[in-house]
file data_4.txt (compact mmCIF, C-alpha atoms)
# COMPACT_ATOMS: atom_id res chain seq x y z
CA MET A 550 50.82 143.73 79.86
CA LEU A 551 54.25 144.55 78.47
CA ASP A 552 55.54 142.57 75.52
CA ALA A 553 58.54 140.43 76.49
CA ARG A 554 60.61 142.34 73.92
CA GLU A 555 60.04 145.56 75.91
CA LEU A 556 61.51 144.10 79.11
CA ARG A 557 65.12 144.60 80.08
CA PRO A 558 67.19 141.38 79.77
CA VAL A 559 67.24 140.90 83.56
CA GLU A 560 63.48 141.26 83.80
CA HIS A 561 62.89 139.00 80.84
CA LEU A 562 65.17 136.28 82.26
CA ALA A 563 63.62 136.56 85.72
CA ALA A 564 60.20 136.01 84.16
CA ARG A 565 61.48 133.02 82.20
CA ILE A 566 63.00 131.47 85.34
CA GLU A 567 59.70 131.80 87.17
CA GLY A 568 57.64 130.62 84.20
CA PRO A 569 56.56 127.21 82.94
CA ASP A 570 58.78 127.14 79.83
CA LEU A 571 62.19 127.49 81.46
CA LYS A 572 64.88 125.62 79.51
CA ILE A 573 68.48 125.08 80.53
CA GLY A 574 71.54 124.04 78.56
CA VAL A 575 74.14 121.76 80.11
CA ILE A 576 77.64 121.63 78.60
CA GLY A 577 79.52 118.44 79.40
CA LEU A 578 77.34 115.35 79.77
CA GLY A 579 79.54 113.31 82.08
CA TYR A 580 79.27 112.28 85.71
CA VAL A 581 78.16 115.81 86.67
CA GLY A 582 76.30 117.10 83.64
CA LEU A 583 74.02 114.14 82.92
CA PRO A 584 72.69 113.85 86.50
CA LEU A 585 72.14 117.62 86.42
CA VAL A 586 70.00 117.22 83.29
CA HIS A 587 68.06 114.50 85.08
CA ALA A 588 67.46 116.77 88.09
CA ALA A 589 66.25 119.61 85.86
CA LEU A 590 63.84 117.31 84.03
CA ASP A 591 62.55 115.97 87.34
CA ALA A 592 61.85 119.56 88.31
CA GLY A 593 59.75 120.08 85.18
CA LEU A 594 62.30 122.02 83.12
CA GLY A 595 63.39 121.41 79.55
CA ALA A 596 67.05 120.79 78.74
CA VAL A 597 69.51 120.93 75.86
CA GLY A 598 72.57 118.80 76.56
CA TYR A 599 75.74 119.65 74.65
CA ASP A 600 78.86 117.52 74.44
CA VAL A 601 81.76 117.39 71.99
CA ASP A 602 81.79 113.58 72.07
CA PRO A 603 79.52 112.39 69.22
CA LYS A 604 79.37 108.87 70.67
CA LYS A 605 77.71 110.20 73.82
CA ILE A 606 75.17 112.15 71.78
CA GLU A 607 74.44 109.12 69.61
CA LEU A 608 73.75 106.96 72.67
CA LEU A 609 71.58 109.59 74.32
CA LEU A 610 69.51 110.12 71.17
CA ALA A 611 68.96 106.36 71.18
CA GLY A 612 67.72 106.61 74.76
CA GLN A 613 70.78 104.95 76.28
CA SER A 614 73.12 105.98 79.07
CA TYR A 615 76.88 105.45 79.12
CA LEU A 616 76.94 105.92 82.91
CA LYS A 617 75.92 103.26 85.40
CA HIS A 618 75.55 105.95 88.01
CA GLY A 619 72.22 107.67 87.43
CA ALA A 620 71.29 105.58 84.40
CA GLY A 621 67.61 104.93 83.81
CA ASP A 622 64.61 104.97 81.52
CA TRP A 623 64.28 108.74 81.94
CA ILE A 624 66.62 109.40 79.00
CA ARG A 625 64.53 107.58 76.42
CA SER A 626 61.22 109.11 77.51
CA ALA A 627 62.68 112.64 77.81
CA VAL A 628 64.27 112.47 74.36
CA GLU A 629 61.17 111.02 72.74
CA CYS A 630 58.89 113.75 74.10
CA GLY A 631 61.38 116.49 73.24
CA ARG A 632 62.07 117.74 76.76
CA PHE A 633 65.71 116.66 76.49
CA VAL A 634 67.68 117.51 73.36
CA PRO A 635 71.20 115.97 73.26
CA THR A 636 73.35 117.73 70.66
CA ALA A 637 76.89 118.29 69.42
CA ASP A 638 75.87 121.60 67.84
CA PRO A 639 76.76 124.59 70.06
CA ALA A 640 74.31 126.79 68.14
CA ARG A 641 71.48 125.01 69.98
CA LEU A 642 72.63 126.76 73.17
CA ALA A 643 71.06 129.97 71.87
CA GLU A 644 67.66 128.37 72.54
CA VAL A 645 68.10 128.10 76.31
CA ASP A 646 67.65 130.56 79.16
CA ALA A 647 70.60 129.38 81.25
CA ILE A 648 73.81 127.57 80.30
CA LEU A 649 75.42 125.42 83.00
CA ILE A 650 79.07 124.49 82.33
CA CYS A 651 80.14 121.08 83.65
CA VAL A 652 83.47 120.45 81.92
CA PRO A 653 86.61 118.78 83.36
CA THR A 654 89.27 120.76 85.22
CA PRO A 655 92.24 118.37 85.25
CA LEU A 656 95.90 118.99 85.97
CA THR A 657 98.74 119.47 83.52
CA GLU A 658 101.71 117.08 83.50
CA ALA A 659 103.39 119.57 85.84
CA ARG A 660 100.46 119.17 88.29
CA GLU A 661 99.23 122.70 87.60
CA PRO A 662 95.57 123.64 86.97
CA ASP A 663 94.43 123.05 83.40
CA LEU A 664 91.57 125.43 82.56
CA SER A 665 91.66 124.74 78.83
CA TYR A 666 88.23 123.07 78.87
CA ILE A 667 86.65 126.09 80.54
CA ILE A 668 88.32 128.49 78.11
CA SER A 669 87.41 126.49 75.01
CA THR A 670 83.83 126.11 76.24
CA ALA A 671 83.50 129.85 76.80
CA ARG A 672 84.79 130.46 73.29
CA GLN A 673 82.17 128.08 71.93
CA ILE A 674 79.43 129.86 73.86
CA ALA A 675 80.40 133.42 72.97
CA PRO A 676 79.28 133.41 69.28
CA HIS A 677 75.85 132.10 70.29
CA LEU A 678 75.36 134.14 73.44
CA ARG A 679 72.27 136.35 73.34
CA GLN A 680 70.61 138.89 75.57
CA GLY A 681 68.76 137.52 78.55
CA GLN A 682 70.89 134.44 79.27
CA LEU A 683 72.56 133.25 82.46
CA ILE A 684 75.92 131.46 82.28
CA CYS A 685 76.86 129.42 85.36
CA LEU A 686 80.11 127.55 85.83
CA GLU A 687 79.88 124.33 87.86
CA SER A 688 83.37 122.93 87.29
CA THR A 689 85.64 122.77 90.32
CA THR A 690 88.32 125.43 90.09
CA TYR A 691 90.35 127.94 92.06
CA PRO A 692 88.95 131.27 93.31
CA THR A 693 88.83 134.08 90.69
CA THR A 694 88.31 131.69 87.74
CA THR A 695 84.73 132.78 87.07
CA ARG A 696 85.63 136.46 87.21
CA ASP A 697 89.10 136.47 85.64
CA VAL A 698 89.01 133.54 83.19
CA LEU A 699 85.42 132.77 82.18
CA LEU A 700 84.05 136.33 82.05
CA PRO A 701 86.70 137.80 79.68
CA GLU A 702 86.05 135.00 77.19
CA LEU A 703 82.29 135.63 77.29
CA ARG A 704 82.89 139.33 76.65
CA ARG A 705 84.05 138.32 73.17
CA SER A 706 80.34 138.05 72.31
CA GLY A 707 80.16 141.85 72.25
CA LEU A 708 77.41 141.79 74.87
CA GLU A 709 77.75 143.52 78.21
CA PRO A 710 77.85 141.29 81.33
CA GLY A 711 75.50 142.41 84.08
CA ARG A 712 73.28 144.11 81.52
CA ASP A 713 72.82 141.82 78.52
CA PHE A 714 73.82 138.52 80.11
CA PHE A 715 74.68 137.31 83.60
CA VAL A 716 77.38 135.11 85.08
CA ALA A 717 77.40 132.93 88.21
CA TYR A 718 79.21 130.07 89.89
CA SER A 719 77.74 127.02 91.61
CA PRO A 720 80.17 124.16 92.30
CA GLU A 721 79.05 120.62 91.56
CA ARG A 722 78.84 118.28 94.53
CA GLU A 723 78.17 115.03 92.72
CA ASP A 724 79.16 111.76 94.41
CA PRO A 725 78.95 108.84 91.94
CA GLY A 726 77.56 105.69 93.51
CA ASN A 727 75.99 107.50 96.47
CA HIS A 728 72.31 106.56 96.40
CA SER A 729 71.50 108.48 99.59
CA TRP A 730 72.15 111.90 98.06
CA THR A 731 70.87 112.72 94.57
CA THR A 732 71.63 115.90 92.65
CA ARG A 733 68.31 117.38 93.76
CA ASP A 734 68.97 116.60 97.43
CA ILE A 735 72.51 117.95 97.81
CA PRO A 736 72.58 121.58 99.05
CA LYS A 737 73.79 123.89 96.28
CA LEU A 738 76.21 126.78 96.83
CA VAL A 739 75.36 129.68 94.49
CA SER A 740 76.75 133.14 93.82
CA GLY A 741 76.70 135.63 90.95
CA LEU A 742 79.24 138.15 89.71
CA ASP A 743 76.80 141.00 90.26
CA PRO A 744 73.56 141.43 92.23
CA ASP A 745 71.29 140.65 89.27
CA GLY A 746 73.31 137.58 88.30
CA HIS A 747 73.27 136.43 91.91
CA ARG A 748 69.50 136.80 92.22
CA LEU A 749 68.86 135.06 88.92
CA ALA A 750 71.20 132.15 89.70
CA VAL A 751 69.61 131.58 93.10
CA ALA A 752 66.15 131.61 91.52
CA LEU A 753 67.27 129.19 88.80
CA TYR A 754 68.73 126.62 91.16
CA GLN A 755 65.71 126.90 93.43
CA ARG A 756 63.79 125.45 90.48
CA ILE A 757 66.22 122.50 90.22
CA VAL A 758 67.37 121.54 93.74
CA ARG A 759 65.66 121.48 97.11
CA HIS A 760 68.15 123.56 99.10
CA VAL A 761 70.07 126.54 97.72
CA VAL A 762 72.81 128.15 99.83
CA PRO A 763 73.60 131.68 98.57
CA VAL A 764 77.13 132.96 99.34
CA SER A 765 78.44 136.48 98.96
CA THR A 766 80.84 136.09 96.03
CA THR A 767 81.82 133.58 93.36
CA GLU A 768 85.26 133.44 94.99
CA VAL A 769 83.69 132.20 98.24
CA ALA A 770 81.83 129.46 96.36
CA GLU A 771 84.97 128.47 94.44
CA ALA A 772 87.05 128.35 97.63
CA ALA A 773 84.39 126.42 99.54
CA LYS A 774 84.44 123.59 96.99
CA LEU A 775 88.22 123.37 97.20
CA LEU A 776 88.05 123.34 101.00
CA GLU A 777 85.54 120.47 100.97
CA ASN A 778 87.78 118.24 98.89
CA THR A 779 91.09 119.38 100.37
CA TYR A 780 89.67 118.55 103.80
CA ARG A 781 89.14 114.98 102.64
CA ALA A 782 92.54 114.75 100.98
CA VAL A 783 94.37 116.00 104.07
CA ASN A 784 92.53 113.66 106.44
CA ILE A 785 93.05 110.68 104.14
CA ALA A 786 96.76 111.55 104.08
CA LEU A 787 96.73 111.58 107.87
CA VAL A 788 95.28 108.06 108.14
CA ASN A 789 97.58 106.84 105.36
CA GLU A 790 100.55 108.08 107.36
CA MET A 791 99.02 106.56 110.50
CA LYS A 792 98.82 103.27 108.60
CA LEU A 793 102.57 103.39 107.88
CA ILE A 794 103.31 104.00 111.55
CA CYS A 795 101.01 101.21 112.69
CA GLU A 796 102.47 98.77 110.14
CA ALA A 797 105.96 99.46 111.46
CA MET A 798 104.74 98.81 115.01
CA GLY A 799 102.68 95.72 114.17
CA ILE A 800 99.38 97.43 114.99
CA ASP A 801 96.17 97.04 112.96
CA VAL A 802 95.32 100.59 111.85
CA TRP A 803 91.76 99.59 111.00
CA GLU A 804 91.14 98.50 114.58
CA VAL A 805 92.71 101.75 115.74
CA ILE A 806 90.27 103.77 113.63
CA ASP A 807 87.30 101.70 114.86
CA ALA A 808 88.39 102.34 118.42
CA ALA A 809 88.84 106.07 117.87
CA ARG A 810 85.45 106.50 116.21
CA THR A 811 83.67 105.40 119.40
CA LYS A 812 84.37 108.92 120.69
CA PRO A 813 81.05 110.79 120.23
CA PHE A 814 82.68 114.16 119.51
CA GLY A 815 85.83 115.64 117.99
CA PHE A 816 86.62 112.75 115.64
CA GLN A 817 85.48 111.82 112.14
CA ALA A 818 86.63 108.52 110.70
CA PHE A 819 88.66 108.48 107.49
CA TYR A 820 90.19 105.32 106.10
CA PRO A 821 93.51 104.49 104.44
CA GLY A 822 93.84 103.00 101.01
CA PRO A 823 96.16 102.45 98.04
CA GLY A 824 95.97 106.11 97.03
CA LEU A 825 93.45 108.73 95.98
CA GLY A 826 91.14 108.49 92.97
CA GLY A 827 88.26 110.21 91.26
CA HIS A 828 87.85 113.54 89.52
CA CYS A 829 88.07 115.71 92.66
CA ILE A 830 90.06 114.58 95.68
CA PRO A 831 93.42 113.91 93.95
CA ILE A 832 93.20 117.12 91.91
CA ASP A 833 91.49 119.91 93.84
CA PRO A 834 94.20 120.46 96.50
CA PHE A 835 96.64 121.31 93.69
CA TYR A 836 94.21 123.98 92.47
CA LEU A 837 94.24 125.48 95.95
CA SER A 838 98.02 125.34 96.38
CA SER A 839 98.52 126.83 92.89
CA ILE A 840 96.39 129.91 93.54
CA ALA A 841 97.99 130.24 96.98
CA ARG A 842 101.43 130.56 95.37
CA ARG A 843 100.14 133.38 93.15
CA PHE A 844 99.29 135.27 96.30
CA GLY A 845 102.63 134.55 97.93
CA VAL A 846 101.37 131.83 100.29
CA THR A 847 103.04 128.42 100.60
CA SER A 848 100.46 125.76 101.42
CA ARG A 849 102.91 123.39 103.11
CA PHE A 850 100.26 121.32 104.88
CA ILE A 851 98.28 120.70 101.69
CA GLU A 852 101.37 119.92 99.61
CA LEU A 853 102.66 117.47 102.21
CA ALA A 854 99.29 115.68 102.20
CA GLY A 855 99.59 115.42 98.43
CA GLU A 856 103.03 113.85 98.74
CA VAL A 857 101.75 111.27 101.24
CA ASN A 858 98.75 110.30 99.13
CA THR A 859 100.66 110.07 95.84
CA SER A 860 103.24 107.82 97.50
CA MET A 861 100.70 105.18 98.53
CA PRO A 862 100.72 103.17 95.25
CA HIS A 863 104.49 102.84 95.68
CA HIS A 864 103.95 101.61 99.24
CA VAL A 865 101.43 99.03 98.06
CA VAL A 866 103.86 97.69 95.45
CA SER A 867 106.55 97.54 98.13
CA ARG A 868 104.21 95.49 100.33
CA ILE A 869 103.46 93.16 97.41
CA GLY A 870 107.18 92.69 96.87
CA ALA A 871 107.78 91.92 100.56
CA ALA A 872 104.86 89.48 100.65
CA LEU A 873 106.12 87.65 97.56
CA THR A 874 109.63 87.50 99.00
CA GLN A 875 108.27 85.53 101.93
CA GLU A 876 106.90 83.10 99.33
CA HIS A 877 110.43 82.91 97.84
CA LYS A 878 109.30 84.81 94.74
CA ALA A 879 110.00 88.20 93.17
CA ILE A 880 107.60 90.63 91.55
CA GLN A 881 109.37 90.01 88.26
CA GLY A 882 107.66 87.09 86.58
CA SER A 883 104.91 86.79 89.21
CA ARG A 884 101.27 86.64 88.16
CA ILE A 885 99.37 89.37 90.00
CA LEU A 886 95.61 89.90 89.77
CA ILE A 887 94.28 93.34 90.72
CA LEU A 888 90.72 93.37 92.05
CA GLY A 889 89.12 96.69 91.20
CA LEU A 890 90.07 99.27 88.60
CA ALA A 891 87.42 101.81 89.71
CA TYR A 892 88.57 104.39 92.24
CA LYS A 893 85.70 103.60 94.63
CA PRO A 894 83.23 100.74 95.17
CA ASP A 895 80.37 100.00 92.78
CA VAL A 896 81.07 102.68 90.14
CA ASP A 897 82.45 102.47 86.60
CA ASP A 898 84.79 105.44 87.04
CA ALA A 899 88.55 104.82 86.82
CA ARG A 900 89.65 108.46 86.68
CA GLU A 901 92.83 109.00 88.72
CA SER A 902 92.37 105.51 90.18
CA PRO A 903 95.37 104.34 92.22
CA SER A 904 94.93 100.92 90.60
CA THR A 905 96.25 102.26 87.30
CA LYS A 906 99.41 103.59 88.94
CA ILE A 907 99.90 100.31 90.82
CA MET A 908 99.52 98.37 87.59
CA GLU A 909 102.11 100.59 85.88
CA LEU A 910 104.57 100.11 88.73
CA LEU A 911 104.09 96.35 88.69
CA LEU A 912 104.65 96.23 84.93
CA GLU A 913 107.85 98.25 85.32
CA ARG A 914 109.07 95.62 87.77
CA GLY A 915 108.31 92.76 85.40
CA ALA A 916 105.05 91.40 86.81
CA GLU A 917 102.48 89.63 84.67
CA ILE A 918 99.37 91.59 85.60
CA SER A 919 95.66 91.05 85.04
CA TYR A 920 92.61 92.62 86.62
CA ASN A 921 88.96 92.09 87.41
CA ASP A 922 86.35 94.79 87.73
CA PRO A 923 82.64 94.02 87.29
CA HIS A 924 81.99 97.64 86.28
CA ILE A 925 84.92 98.25 83.89
CA PRO A 926 85.24 95.56 81.21
CA VAL A 927 88.35 97.04 79.53
CA VAL A 928 91.08 99.40 80.68
CA PRO A 929 89.98 102.86 79.50
CA ARG A 930 92.33 105.02 77.51
CA SER A 931 93.85 107.90 79.43
CA ARG A 932 96.57 110.45 78.93
CA ASN A 933 97.57 109.92 82.57
CA HIS A 934 98.70 106.31 82.35
CA ASN A 935 100.24 103.91 79.89
CA LEU A 936 98.69 100.46 80.26
CA PRO A 937 98.20 97.66 77.74
CA ALA A 938 94.74 96.93 76.37
CA LEU A 939 93.63 94.59 79.15
CA GLU A 940 90.19 93.06 79.61
CA SER A 941 88.60 92.19 82.93
CA GLN A 942 89.23 88.54 83.82
CA SER A 943 86.70 86.19 85.32
CA LEU A 944 86.94 85.40 89.02
CA SER A 945 86.70 81.65 88.70
CA ALA A 946 88.46 79.41 91.19
CA GLU A 947 90.88 78.39 88.43
CA VAL A 948 91.85 81.99 87.63
CA ILE A 949 92.35 82.86 91.30
CA ARG A 950 94.42 79.73 91.98
CA SER A 951 96.67 80.53 89.02
CA GLN A 952 97.83 83.81 90.56
CA ASP A 953 100.89 84.31 92.70
CA CYS A 954 99.20 87.27 94.37
CA VAL A 955 95.72 88.79 94.46
CA LEU A 956 95.62 92.51 95.27
CA ILE A 957 92.38 93.93 96.67
CA ALA A 958 92.38 97.52 95.42
CA THR A 959 88.63 98.31 95.34
CA ARG A 960 86.00 96.85 97.65
CA HIS A 961 83.18 96.22 95.18
CA SER A 962 80.06 94.75 96.77
CA GLU A 963 79.99 92.06 94.07
CA TYR A 964 83.18 90.47 95.38
CA ASP A 965 82.81 87.32 97.47
CA PHE A 966 85.92 87.65 99.59
CA ASN A 967 85.37 84.33 101.32
CA PHE A 968 85.42 82.63 97.90
CA ILE A 969 88.50 84.59 96.88
CA ALA A 970 90.33 83.75 100.10
CA ALA A 971 89.43 80.09 99.75
CA HIS A 972 91.23 79.79 96.40
CA ALA A 973 94.02 82.39 96.49
CA ARG A 974 97.56 81.66 97.60
CA LEU A 975 98.45 85.18 98.70
CA ILE A 976 96.20 88.22 99.19
CA VAL A 977 97.42 91.77 99.67
CA ASP A 978 94.47 93.70 101.07
CA THR A 979 94.47 97.53 100.85
CA ARG A 980 90.82 97.95 101.89
CA ASN A 981 90.42 95.74 104.98
CA ALA A 982 88.00 93.65 102.93
CA THR A 983 89.18 90.41 104.53
CA ARG A 984 88.79 91.49 108.14
CA HIS A 985 85.93 89.06 108.88
CA ILE A 986 87.47 86.06 107.13
CA ILE A 987 88.35 83.47 109.76
CA GLU A 988 89.35 80.47 107.69
CA SER A 989 91.41 81.06 104.57
CA GLY A 990 93.63 79.04 102.31
CA ALA A 991 95.48 82.23 101.49
CA ARG A 992 98.08 84.15 103.42
CA ILE A 993 96.60 87.62 103.90
CA VAL A 994 98.78 90.72 104.14
CA LYS A 995 97.39 94.20 104.85
CA ALA A 996 98.77 97.10 102.85
call {"tool": "encode", "arguments": {"input": "data_4.txt", "output": "structure tokens"}}
result
Amino acid sequence: MLDARELRPVEHLAARIEGPDLKIGVIGLGYVGLPLVHAALDAGLGAVGYDVDPKKIELLLAGQSYLKHGAGDWIRSAVECGRFVPTADPARLAEVDAILICVPTPLTEAREPDLSYIISTARQIAPHLRQGQLICLESTTYPTTTRDVLLPELRRSGLEPGRDFFVAYSPEREDPGNHSWTTRDIPKLVSGLDPDGHRLAVALYQRIVRHVVPVSTTEVAEAAKLLENTYRAVNIALVNEMKLICEAMGIDVWEVIDAARTKPFGFQAFYPGPGLGGHCIPIDPFYLSSIARRFGVTSRFIELAGEVNTSMPHHVVSRIGAALTQEHKAIQGSRILILGLAYKPDVDDARESPSTKIMELLLERGAEISYNDPHIPVVPRSRNHNLPALESQSLSAEVIRSQDCVLIATRHSEYDFNFIAAHARLIVDTRNATRHIIESGARIVKA
């Protein structure tokens, strides 16, 4: 039997991936990275989790999760037995066989792709990169990023890609709050920059998830992820525009959608709302339109969808103003309670939430705002909005009665809309949450 030191890096890594002691490193322990660690541990692998936030590492070392989505006792037991090592020391990444990068890819203030997290992560990896490692990017990004942005930074290690180490791309498909599809159950797109990297990445993910879908190039995998989320953004823009048309005509758009979805083919239901939220849908289409411009293509359809969706918070505020006018009040000086700061039901994630933009617009117009969200006790700090340090208010009858308007922005399952409608004066409903309420003390306006 050959000593492992006599094997070429590709052979050594292939043996490690197939062996019992495979260990991965995950960079970025957020809504994508932490569930990925959980999936790897469930599959019998060891994991080093790296994050630059020392508070996250401190909580994980104490066996605690900072995420409601995917939280559980697995953290404490995995840390105690040594199978999961949370760390803020990038040197620990030299211990692992594969490094999976799950860092944010936001937008700049000019709504252009911001790859600074990917670049800085690659520069952290490079000094500790060793022979026989696989580096796989999972962050959503535009085609060519893995090849033209990540790879050159990793070359700074002095090692040769495709010979000493290997690079791949496999886009995350995490859906916070979705209990039907776990990280292990969601099919995984995978591709490598070269044949060896491709084969190794496929073999690695076959150890972690149940269904791996190999594609021919990293650019295909990158583009596929953007298509998935742009598809949603464009269709949501369509129903948002349909909502505006139906409002002008006095038609209930929600009933229209319910009627259309009875067709057993050729139609998939999407629903309107106060705007887009989350870490993917509001951002990814701009990644696609940006790379399109570099290749001389104007993505007019995608950019128009973006304009429609980003205008929805303004439309909601306009509807609030019109509803208050009928009560002989103005937004200025009115007490307005926003129900739901999270961008979707039953999660604690407020990233890109339309509620934050609505709150900003209401403040600009002189409203006295408050909010309730059972999952978000205080307004999180963000570079994307400027809100006061608000705390979630109780939903007592007294609090509801004291408001001039209650805005339903997120349809959390904890909300008792019958109770809310019984005590509110005016409700502006952006989620059709009040559709089954027959008797109400409140005047209900759809928005």
call {"tool": "closest_residue", "arguments": {"input": "data_4.txt", "among": "A:Cys954, A:Leu583, A:Ala637, A:Met908", "to": "Pro603 in chain A", "atoms": "only C-alpha atoms"}}
result
A:Ala637
call {"tool": "closest_atom_pairs", "arguments": {"input": "data_4.txt", "of": "range 862-899 of chain A", "to": "range 824-831 of chain A", "cutoff": "10 Å", "atoms": "all atoms listed in the file", "output": "Markdown table"}}
result
| residue | atom | partner | partner_atom | distance |
| --- | --- | --- | --- | --- |
| A:Pro862 | CA | A:Gly824 | CA | 5.9 |
| A:His863 | CA | A:Gly824 | CA | 9.2 |
| A:His864 | CA | A:Gly824 | CA | 9.4 |
| A:Val865 | CA | A:Gly824 | CA | 9.0 |
| A:Ala891 | CA | A:Gly826 | CA | 8.3 |
| A:Tyr892 | CA | A:Gly826 | CA | 4.9 |
| A:Lys893 | CA | A:Gly826 | CA | 7.5 |
| A:Asp898 | CA | A:Gly827 | CA | 7.3 |
| A:Ala899 | CA | A:Gly827 | CA | 7.0 |
call {"tool": "residues_around", "arguments": {"input": "data_4.txt", "residues": "Glu723 in chain A", "least_positions_apart": "4", "cutoff": "9 Å", "atoms": "only C-alpha atoms", "output": "NGL selection string"}}
result
:A and (580-581 or 584 or 727 or 730-732 or 735)
call {"tool": "closest_residue", "arguments": {"input": "data_4.txt", "among": "A:Ala808, A:Val645, A:Asp922, A:Ser839", "to": "Ala659 in chain A", "atoms": "all atoms listed in the file"}}
result
A:Ser839
call {"tool": "axis_aligned_box", "arguments": {"input": "data_4.txt", "around": "range 972-980 of chain A", "padding_each_side": "5 Å", "output": "lines of an AutoDock Vina configuration file"}}
result
center_x = 94.6
center_y = 88.9
center_z = 99.1
size_x = 17.6
size_y = 28.2
size_z = 15.5
call {"tool": "atom_distance", "arguments": {"input": "data_4.txt", "atom1": "CA of Ala773 in chain A", "atom2": "CA of Gly593 in chain A"}}
result
29.2 Å
call {"tool": "residues_around", "arguments": {"input": "data_4.txt", "residues": "Ala611 in chain A", "least_positions_apart": "3", "cutoff": "9 Å", "atoms": "all atoms listed in the file", "output": "list in words"}}
result
Ile606, Glu607, Leu608, Ser614, Ile624, Arg625 and Val628 of chain A
call {"tool": "closest_residue", "arguments": {"input": "data_4.txt", "among": "A:Ala592, A:Leu609, A:Ala982, A:Leu911", "to": "Val866 in chain A", "atoms": "all atoms listed in the file"}}
result
A:Leu911
call {"tool": "decode", "arguments": {"input": "data_4.txt", "residues": "range 555-566 of chain A", "atoms": "N, CA and C atoms", "output": "PDB file, in the first residue's frame"}}
result
ATOM      1  N   GLU A 555       2.890   9.700  -0.814  1.00  0.00           N
ATOM      2  CA  GLU A 555       3.368   9.375  -2.155  1.00  0.00           C
ATOM      3  C   GLU A 555       2.289   9.595  -3.208  1.00  0.00           C
ATOM      4  N   LEU A 556       1.054   9.830  -2.792  1.00  0.00           N
ATOM      5  CA  LEU A 556      -0.033  10.053  -3.729  1.00  0.00           C
ATOM      6  C   LEU A 556      -0.002  11.480  -4.259  1.00  0.00           C
ATOM      7  N   ARG A 557      -0.456  11.649  -5.491  1.00  0.00           N
ATOM      8  CA  ARG A 557      -0.652  12.986  -6.017  1.00  0.00           C
ATOM      9  C   ARG A 557      -1.774  13.655  -5.229  1.00  0.00           C
ATOM     10  N   PRO A 558      -1.801  15.012  -5.168  1.00  0.00           N
ATOM     11  CA  PRO A 558      -2.852  15.690  -4.397  1.00  0.00           C
ATOM     12  C   PRO A 558      -4.262  15.255  -4.776  1.00  0.00           C
ATOM     13  N   VAL A 559      -4.532  15.052  -6.078  1.00  0.00           N
ATOM     14  CA  VAL A 559      -5.876  14.661  -6.491  1.00  0.00           C
ATOM     15  C   VAL A 559      -6.224  13.272  -5.971  1.00  0.00           C
ATOM     16  N   GLU A 560      -5.254  12.374  -5.977  1.00  0.00           N
ATOM     17  CA  GLU A 560      -5.505  11.021  -5.490  1.00  0.00           C
ATOM     18  C   GLU A 560      -5.677  11.004  -3.979  1.00  0.00           C
ATOM     19  N   HIS A 561      -4.849  11.810  -3.313  1.00  0.00           N
ATOM     20  CA  HIS A 561      -4.944  11.883  -1.862  1.00  0.00           C
ATOM     21  C   HIS A 561      -6.308  12.444  -1.439  1.00  0.00           C
ATOM     22  N   LEU A 562      -6.755  13.522  -2.116  1.00  0.00           N
ATOM     23  CA  LEU A 562      -8.033  14.130  -1.763  1.00  0.00           C
ATOM     24  C   LEU A 562      -9.189  13.196  -2.096  1.00  0.00           C
ATOM     25  N   ALA A 563      -9.106  12.509  -3.212  1.00  0.00           N
ATOM     26  CA  ALA A 563     -10.168  11.556  -3.567  1.00  0.00           C
ATOM     27  C   ALA A 563     -10.296  10.471  -2.503  1.00  0.00           C
ATOM     28  N   ALA A 564      -9.160  10.015  -1.989  1.00  0.00           N
ATOM     29  CA  ALA A 564      -9.192   8.996  -0.940  1.00  0.00           C
ATOM     30  C   ALA A 564      -9.775   9.556   0.345  1.00  0.00           C
ATOM     31  N   ARG A 565      -9.443  10.795   0.660  1.00  0.00           N
ATOM     32  CA  ARG A 565      -9.993  11.428   1.864  1.00  0.00           C
ATOM     33  C   ARG A 565     -11.511  11.580   1.750  1.00  0.00           C
ATOM     34  N   ILE A 566     -11.981  11.985   0.565  1.00  0.00           N
ATOM     35  CA  ILE A 566     -13.421  12.183   0.371  1.00  0.00           C
ATOM     36  C   ILE A 566     -14.174  10.870   0.522  1.00  0.00           C
TER      37      ILE A 566
END
